[in-house]
Amino acid sequence: MEKVNNIKLDEVRETIKKNYSTCQLMFMEIQSSFLIDIYKRYNKDLDGANIVLYFAKNLHRQILHQRENDLKYDISLKNFWMNHKEISQPDYKIINISKDVSLPKETTRRKINTLLRHKVLQKKGKKLFWHPTEDQKKSYESIVKKEISDVSKMINCISSLLNIKVTHDKIKEELNKHYSFYWFHYLSAFLKWAIRWQKKSNDLEIVLIALQCAIQTGYFIKKKNISSFSDHYSKKISSNVNFSEANISATSISEITGIPRATCIRKLEKLVILKVLKKHKPSKRYYFDIENVPDNSFMAKELSQATIDIFSDFYLVIIKGLIN
């Protein structure tokens with residue numbers, strides 16, 4: 001028990017790297033699912049969705065501040081909309097939102113105006129705040145419950161690899177009970193990850209499309225017993241394994257993500273030009289250009305390491321909460 005109580009961040013990171021094929025595949029599926037849900041929920045606009053998540057993250061922060069005066073303040077998912085109603089949201093300036101979500105100021109203004117038209121955000125005077133309609137609240141709850149279940153599976157997997165025994169249901173119970181605490185940390189990690197990719201690609205749709213190809217490769221790699229982080233970025237694997245078998249069509253990606261097929265084709269072709277993907281011309285299906293992955297700036301090893309670092313912090317927050 002003492003070893004469990006003293007678990008360190010480096011242990012979480014190294015456990016993920018050692019079991020990278022398992023952890024990364026699960027992570028990509030969770031990120032893909034969440035991106036697809038918010039893409040469909042927020043007018044098929046991932047940049048606009050990130051702006052909403054920015055508001056939600058800061059609302060959770062405001063809810064957590066209530067515990068400064070009342071340690072028993074209810075921060076559960078069940079009480080979230082009551083907290084949302086009672087908490088006074090801060091006054092957000094477009095220039096600050098723009099900086100925090102890594103979008104140009106005028107783009108941010110335009111996206112906010114769209115969110116105002118769809119009544120996702122509201123404005124009183126100069127004050128902007130997140131105030132979804134009743135129908136939007138229902139779809140929000142559906143996404144959150146699904147994401148809590150997905151995150152719980154990830155924590156269950158990592159906990160097991162760390163020899164910590166905890167059930168999937170127990171993790172879900174913990175996340176629901178202390179929802180605003182954990183979701184503040186989750187949205188902080190998600191936005192850090194999304195903003196890194198926004199800066200790298202300037203297009204989160206192309207990241208979502210690339211993820212579908214990466215998931216196919218992830219299943220294939222796991223079958224081939226390529227496990228560790230270093231193995232994934234070794235040039236040896238490209239000479240020993242035929243990755244063209246791990247392919248996917250533009251039609252399948254469109255059906256999975258909801259992104260129009262023509263857009264998928266255009267962005268897949270861009271990924272081919274960037275040497276992220278290869279195209280099998282007879283079948284018109286796409287697969288990862290594994291030979292170039294170790295050196296490719298779009299899929300750089302440093303970005304994968306940064307992802308591990310960002311989310312290991314979040315996983316450790318949950319694991320410590322479970323232990324306590």
# chains A, B, ... in the order shown; residues from 1 in each chain; ligands from 1

call {"tool": "residues_around", "arguments": {"residues": "A:Ile51", "least_positions_apart": "5", "cutoff": "12 Å", "atoms": "only C-alpha atoms", "output": "CSV table (one decimal) with N, CA, C and O atoms, in the first residue's frame"}}
result
chain,number,residue,atom,x,y,z
A,38,ILE,N,-18.1,16.4,-30.1
A,38,ILE,CA,-18.1,17.9,-30.1
A,38,ILE,C,-18.2,18.5,-31.5
A,38,ILE,O,-18.8,19.6,-31.6
A,42,TYR,N,-21.3,21.0,-31.9
A,42,TYR,CA,-21.1,22.4,-32.1
A,42,TYR,C,-20.9,22.8,-33.6
A,42,TYR,O,-19.8,23.3,-34.0
A,45,ASP,N,-17.7,22.3,-36.2
A,45,ASP,CA,-16.7,23.3,-36.1
A,45,ASP,C,-15.8,23.0,-34.8
A,45,ASP,O,-16.3,23.4,-33.7
A,46,LEU,N,-14.7,22.4,-35.0
A,46,LEU,CA,-13.9,22.0,-33.8
A,46,LEU,C,-13.2,23.2,-33.1
A,46,LEU,O,-13.0,23.2,-31.9
A,56,ALA,N,-16.3,26.2,-20.5
A,56,ALA,CA,-16.7,25.1,-19.5
A,56,ALA,C,-15.6,24.9,-18.5
A,56,ALA,O,-15.9,24.7,-17.3
A,57,LYS,N,-14.4,24.8,-19.0
A,57,LYS,CA,-13.2,24.6,-18.1
A,57,LYS,C,-13.2,25.7,-17.0
A,57,LYS,O,-13.0,25.4,-15.8
A,58,ASN,N,-13.4,26.9,-17.4
A,58,ASN,CA,-13.3,28.0,-16.4
A,58,ASN,C,-14.5,28.1,-15.5
A,58,ASN,O,-14.4,28.5,-14.3
A,92,TYR,N,-15.4,37.6,-20.0
A,92,TYR,CA,-14.3,37.1,-20.9
A,92,TYR,C,-14.1,38.1,-22.0
A,92,TYR,O,-15.0,38.6,-22.6
A,94,ILE,N,-12.4,38.9,-25.7
A,94,ILE,CA,-12.1,38.1,-26.9
A,94,ILE,C,-10.6,37.9,-27.1
A,94,ILE,O,-10.1,36.9,-27.5
A,96,ASN,N,-8.4,37.6,-24.8
A,96,ASN,CA,-7.9,36.6,-23.9
A,96,ASN,C,-8.3,35.2,-24.4
A,96,ASN,O,-7.5,34.2,-24.3
A,97,ILE,N,-9.6,35.1,-24.9
A,97,ILE,CA,-10.0,33.8,-25.4
A,97,ILE,C,-9.2,33.4,-26.6
A,97,ILE,O,-8.7,32.2,-26.7
A,98,SER,N,-8.9,34.3,-27.5
A,98,SER,CA,-8.1,34.1,-28.7
A,98,SER,C,-6.7,33.5,-28.3
A,98,SER,O,-6.3,32.6,-28.9
A,99,LYS,N,-6.1,34.1,-27.3
A,99,LYS,CA,-4.8,33.7,-26.9
A,99,LYS,C,-4.8,32.3,-26.3
A,99,LYS,O,-4.0,31.4,-26.6
A,100,ASP,N,-5.9,32.0,-25.5
A,100,ASP,CA,-5.9,30.8,-24.8
A,100,ASP,C,-6.3,29.6,-25.6
A,100,ASP,O,-6.0,28.4,-25.3
A,101,VAL,N,-7.0,29.8,-26.7
A,101,VAL,CA,-7.4,28.7,-27.6
A,101,VAL,C,-6.6,28.7,-28.9
A,101,VAL,O,-6.8,27.9,-29.8
A,102,SER,N,-5.6,29.7,-29.0
A,102,SER,CA,-4.6,29.7,-30.1
A,102,SER,C,-5.3,29.9,-31.5
A,102,SER,O,-5.0,29.2,-32.4
A,103,LEU,N,-6.2,30.9,-31.5
A,103,LEU,CA,-6.9,31.3,-32.7
A,103,LEU,C,-6.7,32.8,-32.9
A,103,LEU,O,-6.6,33.6,-32.0
A,107,THR,N,-10.8,35.6,-36.1
A,107,THR,CA,-11.4,34.2,-36.2
A,107,THR,C,-12.2,33.9,-34.9
A,107,THR,O,-13.3,33.4,-35.0
A,108,THR,N,-11.6,34.2,-33.8
A,108,THR,CA,-12.3,34.0,-32.5
A,108,THR,C,-13.6,34.7,-32.4
A,108,THR,O,-14.7,34.2,-32.0
A,109,ARG,N,-13.6,36.0,-32.8
A,109,ARG,CA,-14.8,36.8,-32.8
A,109,ARG,C,-15.9,36.2,-33.7
A,109,ARG,O,-17.0,36.1,-33.3
A,110,ARG,N,-15.5,35.8,-34.9
A,110,ARG,CA,-16.4,35.2,-35.8
A,110,ARG,C,-17.1,33.9,-35.3
A,110,ARG,O,-18.3,33.7,-35.4
A,111,LYS,N,-16.2,33.1,-34.7
A,111,LYS,CA,-16.7,31.8,-34.1
A,111,LYS,C,-17.7,32.1,-32.9
A,111,LYS,O,-18.7,31.4,-32.8
A,112,ILE,N,-17.3,33.1,-32.1
A,112,ILE,CA,-18.2,33.4,-31.0
A,112,ILE,C,-19.5,33.9,-31.5
A,112,ILE,O,-20.6,33.6,-30.9
A,113,ASN,N,-19.5,34.7,-32.5
A,113,ASN,CA,-20.8,35.2,-33.1
A,113,ASN,C,-21.7,34.0,-33.6
A,113,ASN,O,-22.9,34.0,-33.4
A,114,THR,N,-21.0,33.0,-34.2
A,114,THR,CA,-21.8,31.8,-34.6
A,114,THR,C,-22.4,31.1,-33.4
A,114,THR,O,-23.5,30.7,-33.4
A,115,LEU,N,-21.6,31.0,-32.3
A,115,LEU,CA,-22.0,30.3,-31.1
A,115,LEU,C,-23.2,31.1,-30.4
A,115,LEU,O,-24.1,30.5,-29.8
A,116,LEU,N,-23.1,32.4,-30.6
A,116,LEU,CA,-24.2,33.2,-30.0
A,116,LEU,C,-25.5,33.0,-30.8
A,116,LEU,O,-26.6,32.9,-30.3
A,120,VAL,N,-25.5,28.8,-28.0
A,120,VAL,CA,-24.6,28.0,-27.1
A,120,VAL,C,-24.0,29.0,-26.1
A,120,VAL,O,-23.9,28.7,-24.9
A,121,LEU,N,-23.6,30.1,-26.6
A,121,LEU,CA,-23.1,31.2,-25.7
A,121,LEU,C,-24.2,32.3,-25.7
A,121,LEU,O,-25.0,32.4,-26.6
A,128,LEU,N,-19.8,38.0,-22.0
A,128,LEU,CA,-20.0,36.7,-22.7
A,128,LEU,C,-20.1,35.6,-21.6
A,128,LEU,O,-19.2,35.6,-20.7
A,129,PHE,N,-21.0,34.6,-21.8
A,129,PHE,CA,-21.0,33.5,-20.9
A,129,PHE,C,-21.6,32.3,-21.6
A,129,PHE,O,-22.3,32.4,-22.5
A,130,TRP,N,-21.3,31.1,-21.0
A,130,TRP,CA,-21.8,29.8,-21.5
A,130,TRP,C,-23.1,29.5,-20.9
A,130,TRP,O,-23.2,29.4,-19.7
A,187,LEU,N,-10.5,18.8,-19.0
A,187,LEU,CA,-10.6,19.9,-20.1
A,187,LEU,C,-9.3,20.6,-20.2
A,187,LEU,O,-8.9,21.0,-21.3
A,191,LEU,N,-7.5,20.6,-23.8
A,191,LEU,CA,-7.2,21.8,-24.5
A,191,LEU,C,-5.8,22.0,-24.8
A,191,LEU,O,-5.4,22.5,-25.9
A,194,ALA,N,-5.2,19.7,-27.8
A,194,ALA,CA,-5.8,20.3,-29.0
A,194,ALA,C,-5.1,21.5,-29.5
A,194,ALA,O,-4.8,21.7,-30.7
A,195,ILE,N,-4.6,22.4,-28.6
A,195,ILE,CA,-3.9,23.6,-29.0
A,195,ILE,C,-2.5,23.3,-29.6
A,195,ILE,O,-2.1,23.9,-30.5

call {"tool": "select_by_dssp", "arguments": {"residues": "stretch 60-166 of chain A", "states": "strand (DSSP E or B)", "output": "number ranges by chain"}}
result
A: 121-124, 127-130

call {"tool": "write_last_selection", "arguments": {"atoms": "N, CA and C atoms", "output": "short mmCIF file (atom, residue, chain, number, x, y, z; two decimals), in the first residue's frame"}}
result
data_model
loop_
_atom_site.label_atom_id
_atom_site.label_comp_id
_atom_site.auth_asym_id
_atom_site.auth_seq_id
_atom_site.Cartn_x
_atom_site.Cartn_y
_atom_site.Cartn_z
N LEU A 121 -23.56 30.14 -26.57
CA LEU A 121 -23.10 31.22 -25.70
C LEU A 121 -24.18 32.30 -25.66
N GLN A 122 -24.15 33.10 -24.59
CA GLN A 122 -25.05 34.25 -24.50
C GLN A 122 -24.25 35.49 -24.14
N LYS A 123 -24.88 36.64 -24.38
CA LYS A 123 -24.20 37.91 -24.13
C LYS A 123 -25.17 38.88 -23.48
N LYS A 124 -24.73 39.49 -22.37
CA LYS A 124 -25.49 40.57 -21.74
C LYS A 124 -24.57 41.77 -21.63
N LYS A 127 -20.77 41.29 -21.61
CA LYS A 127 -20.38 40.05 -20.91
C LYS A 127 -20.78 38.81 -21.70
N LEU A 128 -19.80 37.97 -22.00
CA LEU A 128 -20.03 36.68 -22.67
C LEU A 128 -20.06 35.58 -21.64
N PHE A 129 -20.96 34.61 -21.80
CA PHE A 129 -20.96 33.48 -20.89
C PHE A 129 -21.59 32.26 -21.57
N TRP A 130 -21.27 31.09 -21.03
CA TRP A 130 -21.78 29.81 -21.55
C TRP A 130 -23.11 29.52 -20.90
#

call {"tool": "residues_around", "arguments": {"residues": "stretch 149-157 of chain A", "least_positions_apart": "4", "cutoff": "6 Å", "atoms": "only C-alpha atoms", "output": "NGL selection string"}}
result
:A and (168 or 171-172)

call {"tool": "residues_around", "arguments": {"residues": "A:Lys278", "least_positions_apart": "2", "cutoff": "12 Å", "atoms": "only C-alpha atoms", "output": "count of residues only"}}
result
31

call {"tool": "residues_around", "arguments": {"residues": "A:Lys320", "least_positions_apart": "3", "cutoff": "10 Å", "atoms": "only C-alpha atoms", "output": "list in words"}}
result
Val4, Asn5, Asn6, Ile7, Lys8, Tyr315, Leu316, Val317, Ile323 and Asn324 of chain A
